[in-house]
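The structure appears right after this line, and notes come after that.
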Amino acid sequence: MNAHEIDYTIHGEEMQYVEIVLDPQEGVVAESGSFMMMSDGIQMQTIFGDGSKQDEGILGKLFSAGKRLLTGESLFMTVFSNAGVGRKEVSFAAPYPGKIIPIDLSELGGKFICQKDAFLCAAKGVSVGIEFSRKLGRGLFGGEGFIMQKLEGDGMAFVHAGGNMSKKELKAGEVLKVDTGCVVGFTKDIDYDVEFVGGIKNTIFGGEGLFFATLKGPGTVYIQSLPFSRLAGRILALAPKTGNTTRGEGSVLGGIGDLLDGDNSF
């Protein structure tokens, strides 16, 4: 498996985007909705699956695309190819505040496992598949379920983490305990499981969930400080429940104060 060799630059701090430079005939595959901008001469094509096995016939294409349904992604992906003369640029943006992480699969043994919605884009030729959990506890309580995404090949891939990102290099036998939603991804030799928090007070009043994700080295682990599910939960908790009412934004007048600020209509 030989993925296209691409050059890239990551721009920004909190709302990042990655600019990928393509030589003639090079391409990059991306999730739907991540495209930002491209140079004239870049050709866009919608394909089944990830495009890594397009020579396997219709059944191979359908199988590759069907696997993506299990991860909650679209059947289709988009390939952006340089069909012109000279080098061209195409850019992809992160879906929410956080960091874009470049993953060189050739340096990680050809495989990287990540949460289902972390993948952003990759050099054409990188396989975007699914990783089934063989452990019942991890599947039921791991936050990511039985299915995670796996990126395979020898090219560059890009994943997105919410908030700030922490990269941990674990030695053989070293264990890291993490909130299940904060795991972005890890290398293939990491042993990933879940562990019960324990303790009656921790279980009932801790507010941190009942389980930790345990990651055992050797290998590399990426952790995010703000999972999108946590961000969405906070927004939903503060969202108006009926009509156009608000939470008063901390005002002692509450809803009455909202009537005075000119932002509400009758």
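Going by the structure tokens order, chains are called A, B, ..., each with residues numbered from 1, while ligands are numbered from 1 in the order shown.
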Surrounding residues of Phe119 of chain A excluding itself and chain neighbours under 2 positions, 9 Å, only C-alpha atoms, as a VMD selection string: chain A and resid 30 to 31 114 to 117 121 to 122 128 149 151 157 to 160
Phe92 of chain A environment, 10 Å, only C-alpha atoms, sequence neighbours closer than 4 positions dropped, as JSON, numbers by chain: {"A": [10, 16, 17, 18, 19, 20, 30, 31, 33, 34, 35, 36, 37, 38, 120, 121, 158]}
Next, dump the selected residues to file, keeping only all heavy atoms, as a tab-separated table (two decimals), in the first residue's frame.
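Output (result-v2.tsv):
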```
chain	number	residue	atom	x	y	z
A	10	ILE	N	-0.31	23.47	9.09
A	10	ILE	CA	-1.47	23.67	9.96
A	10	ILE	C	-1.49	25.12	10.41
A	10	ILE	O	-0.50	25.64	10.95
A	10	ILE	CB	-1.43	22.72	11.17
A	10	ILE	CG1	-1.55	21.26	10.69
A	10	ILE	CG2	-2.54	23.05	12.17
A	10	ILE	CD1	-1.41	20.23	11.79
A	16	GLN	N	-8.37	25.72	14.02
A	16	GLN	CA	-7.32	25.42	13.06
A	16	GLN	C	-7.87	24.90	11.73
A	16	GLN	O	-9.00	24.41	11.64
A	16	GLN	CB	-6.36	24.38	13.65
A	16	GLN	CG	-5.57	24.88	14.83
A	16	GLN	CD	-4.51	23.88	15.29
A	16	GLN	OE1	-4.69	22.67	15.18
A	16	GLN	NE2	-3.41	24.39	15.80
A	17	TYR	N	-7.03	25.03	10.71
A	17	TYR	CA	-7.27	24.35	9.45
A	17	TYR	C	-5.94	23.86	8.91
A	17	TYR	O	-4.88	24.40	9.25
A	17	TYR	CB	-8.01	25.25	8.44
A	17	TYR	CG	-7.18	26.37	7.84
A	17	TYR	CD1	-6.52	26.22	6.62
A	17	TYR	CD2	-7.09	27.61	8.47
A	17	TYR	CE1	-5.78	27.25	6.06
A	17	TYR	CE2	-6.36	28.64	7.92
A	17	TYR	CZ	-5.70	28.47	6.71
A	17	TYR	OH	-4.97	29.48	6.16
A	18	VAL	N	-5.98	22.82	8.08
A	18	VAL	CA	-4.76	22.27	7.51
A	18	VAL	C	-4.76	22.54	6.01
A	18	VAL	O	-5.75	22.28	5.31
A	18	VAL	CB	-4.63	20.75	7.81
A	18	VAL	CG1	-5.84	19.97	7.33
A	18	VAL	CG2	-3.35	20.19	7.20
A	19	GLU	N	-3.67	23.12	5.53
A	19	GLU	CA	-3.48	23.38	4.10
A	19	GLU	C	-2.55	22.29	3.53
A	19	GLU	O	-1.43	22.13	4.00
A	19	GLU	CB	-2.88	24.76	3.88
A	19	GLU	CG	-2.66	25.11	2.41
A	19	GLU	CD	-1.97	26.45	2.26
A	19	GLU	OE1	-0.78	26.55	2.62
A	19	GLU	OE2	-2.61	27.40	1.78
A	20	ILE	N	-3.05	21.58	2.55
A	20	ILE	CA	-2.29	20.48	1.95
A	20	ILE	C	-1.86	20.87	0.55
A	20	ILE	O	-2.67	21.35	-0.25
A	20	ILE	CB	-3.13	19.19	1.93
A	20	ILE	CG1	-3.44	18.75	3.37
A	20	ILE	CG2	-2.42	18.07	1.17
A	20	ILE	CD1	-4.34	17.56	3.48
A	30	ALA	N	-11.14	13.15	2.11
A	30	ALA	CA	-11.62	13.88	3.27
A	30	ALA	C	-13.06	13.51	3.58
A	30	ALA	O	-13.81	13.06	2.71
A	30	ALA	CB	-11.52	15.39	3.03
A	31	GLU	N	-13.42	13.73	4.86
A	31	GLU	CA	-14.80	13.54	5.27
A	31	GLU	C	-15.67	14.64	4.68
A	31	GLU	O	-15.21	15.77	4.48
A	31	GLU	CB	-14.91	13.58	6.80
A	31	GLU	CG	-14.36	12.36	7.50
A	31	GLU	CD	-15.26	11.15	7.37
A	31	GLU	OE1	-16.25	11.21	6.63
A	31	GLU	OE2	-14.95	10.13	8.01
A	33	GLY	N	-18.01	17.67	4.52
A	33	GLY	CA	-18.21	18.80	5.40
A	33	GLY	C	-16.95	19.41	5.97
A	33	GLY	O	-17.02	20.42	6.66
A	34	SER	N	-15.78	18.83	5.68
A	34	SER	CA	-14.54	19.38	6.22
A	34	SER	C	-13.84	20.32	5.25
A	34	SER	O	-12.91	21.03	5.63
A	34	SER	CB	-13.57	18.25	6.61
A	34	SER	OG	-13.23	17.47	5.47
A	35	PHE	N	-14.27	20.36	3.98
A	35	PHE	CA	-13.62	21.19	2.97
A	35	PHE	C	-13.74	22.67	3.31
A	35	PHE	O	-14.78	23.15	3.75
A	35	PHE	CB	-14.25	20.92	1.60
A	35	PHE	CG	-13.83	21.91	0.54
A	35	PHE	CD1	-12.55	21.92	0.03
A	35	PHE	CD2	-14.75	22.84	0.05
A	35	PHE	CE1	-12.16	22.84	-0.93
A	35	PHE	CE2	-14.38	23.75	-0.91
A	35	PHE	CZ	-13.09	23.75	-1.41
A	36	MET	N	-12.65	23.41	3.05
A	36	MET	CA	-12.61	24.85	3.31
A	36	MET	C	-12.38	25.64	2.04
A	36	MET	O	-13.18	26.50	1.68
A	36	MET	CB	-11.53	25.15	4.35
A	36	MET	CG	-11.36	26.61	4.69
A	36	MET	SD	-10.04	26.86	5.90
A	36	MET	CE	-9.92	28.64	5.92
A	37	MET	N	-11.27	25.38	1.31
A	37	MET	CA	-10.99	26.11	0.07
A	37	MET	C	-9.96	25.33	-0.73
A	37	MET	O	-9.27	24.45	-0.20
A	37	MET	CB	-10.46	27.52	0.36
A	37	MET	CG	-9.18	27.55	1.17
A	37	MET	SD	-8.65	29.27	1.50
A	37	MET	CE	-7.26	28.99	2.58
A	38	MET	N	-9.85	25.67	-2.03
A	38	MET	CA	-8.88	24.99	-2.89
A	38	MET	C	-8.48	25.89	-4.04
A	38	MET	O	-9.20	26.81	-4.43
A	38	MET	CB	-9.45	23.68	-3.42
A	38	MET	CG	-10.66	23.81	-4.31
A	38	MET	SD	-11.32	22.17	-4.80
A	38	MET	CE	-12.74	22.67	-5.80
A	120	LEU	N	-10.23	13.62	9.97
A	120	LEU	CA	-10.49	14.82	9.18
A	120	LEU	C	-10.18	14.58	7.71
A	120	LEU	O	-11.04	14.76	6.84
A	120	LEU	CB	-9.67	15.98	9.72
A	120	LEU	CG	-9.96	17.37	9.15
A	120	LEU	CD1	-11.35	17.82	9.55
A	120	LEU	CD2	-8.92	18.38	9.66
A	121	CYS	N	-8.94	14.17	7.39
A	121	CYS	CA	-8.55	13.92	6.01
A	121	CYS	C	-7.25	13.12	6.01
A	121	CYS	O	-6.60	12.97	7.04
A	121	CYS	CB	-8.39	15.22	5.22
A	121	CYS	SG	-7.11	16.35	5.88
A	158	PHE	N	-4.85	13.08	9.21
A	158	PHE	CA	-5.07	14.19	10.13
A	158	PHE	C	-6.33	13.93	10.93
A	158	PHE	O	-7.39	13.64	10.36
A	158	PHE	CB	-5.19	15.51	9.36
A	158	PHE	CG	-3.96	15.83	8.54
A	158	PHE	CD1	-3.84	15.37	7.23
A	158	PHE	CD2	-2.93	16.58	9.07
A	158	PHE	CE1	-2.71	15.64	6.48
A	158	PHE	CE2	-1.79	16.86	8.33
A	158	PHE	CZ	-1.69	16.39	7.03
```
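For Val85 of chain A, the residues within 12 Å (counting only C-alpha atoms, excluding itself and residues fewer than 4 positions away along the chain) are Leu22, Asp23, Pro24, Gln25, Glu26, Ser39, Asp40, Gly41, Ile42 and Ser81 of chain A.
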When you look at Val221 of chain A with a cut-off of 6 Å (counting only C-alpha atoms), what residues show up, excluding the ones that are within fewer than 3 positions of it in the same chain? I need them as a short mmCIF file (atom, residue, chain, number, x, y, z; two decimals) with all heavy atoms, in the first residue's frame.
```
data_model
loop_
_atom_site.label_atom_id
_atom_site.label_comp_id
_atom_site.auth_asym_id
_atom_site.auth_seq_id
_atom_site.Cartn_x
_atom_site.Cartn_y
_atom_site.Cartn_z
N LYS A 167 -0.21 14.70 24.26
CA LYS A 167 0.40 13.51 23.67
C LYS A 167 1.22 12.80 24.74
O LYS A 167 2.13 13.38 25.33
CB LYS A 167 1.28 13.89 22.49
CG LYS A 167 1.99 12.72 21.82
CD LYS A 167 2.88 13.19 20.67
CE LYS A 167 3.61 12.03 20.01
NZ LYS A 167 4.49 12.50 18.91
N LYS A 168 0.89 11.54 25.01
CA LYS A 168 1.57 10.77 26.03
C LYS A 168 2.30 9.58 25.40
O LYS A 168 1.70 8.82 24.63
CB LYS A 168 0.57 10.25 27.07
CG LYS A 168 -0.16 11.34 27.85
CD LYS A 168 0.78 12.11 28.76
CE LYS A 168 0.02 13.10 29.63
NZ LYS A 168 0.93 13.87 30.51
N PHE A 186 -4.85 6.23 19.55
CA PHE A 186 -3.64 5.61 20.08
C PHE A 186 -3.05 4.67 19.04
O PHE A 186 -3.72 4.27 18.08
CB PHE A 186 -3.93 4.84 21.38
CG PHE A 186 -5.17 3.98 21.32
CD1 PHE A 186 -5.15 2.68 20.85
CD2 PHE A 186 -6.39 4.50 21.75
CE1 PHE A 186 -6.29 1.91 20.80
CE2 PHE A 186 -7.55 3.73 21.70
CZ PHE A 186 -7.49 2.43 21.23
#
```
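Rounded to one decimal, atom CA of Gly185 of chain A and atom CA of Ser106 of chain A lie 16.2 Å from each other.
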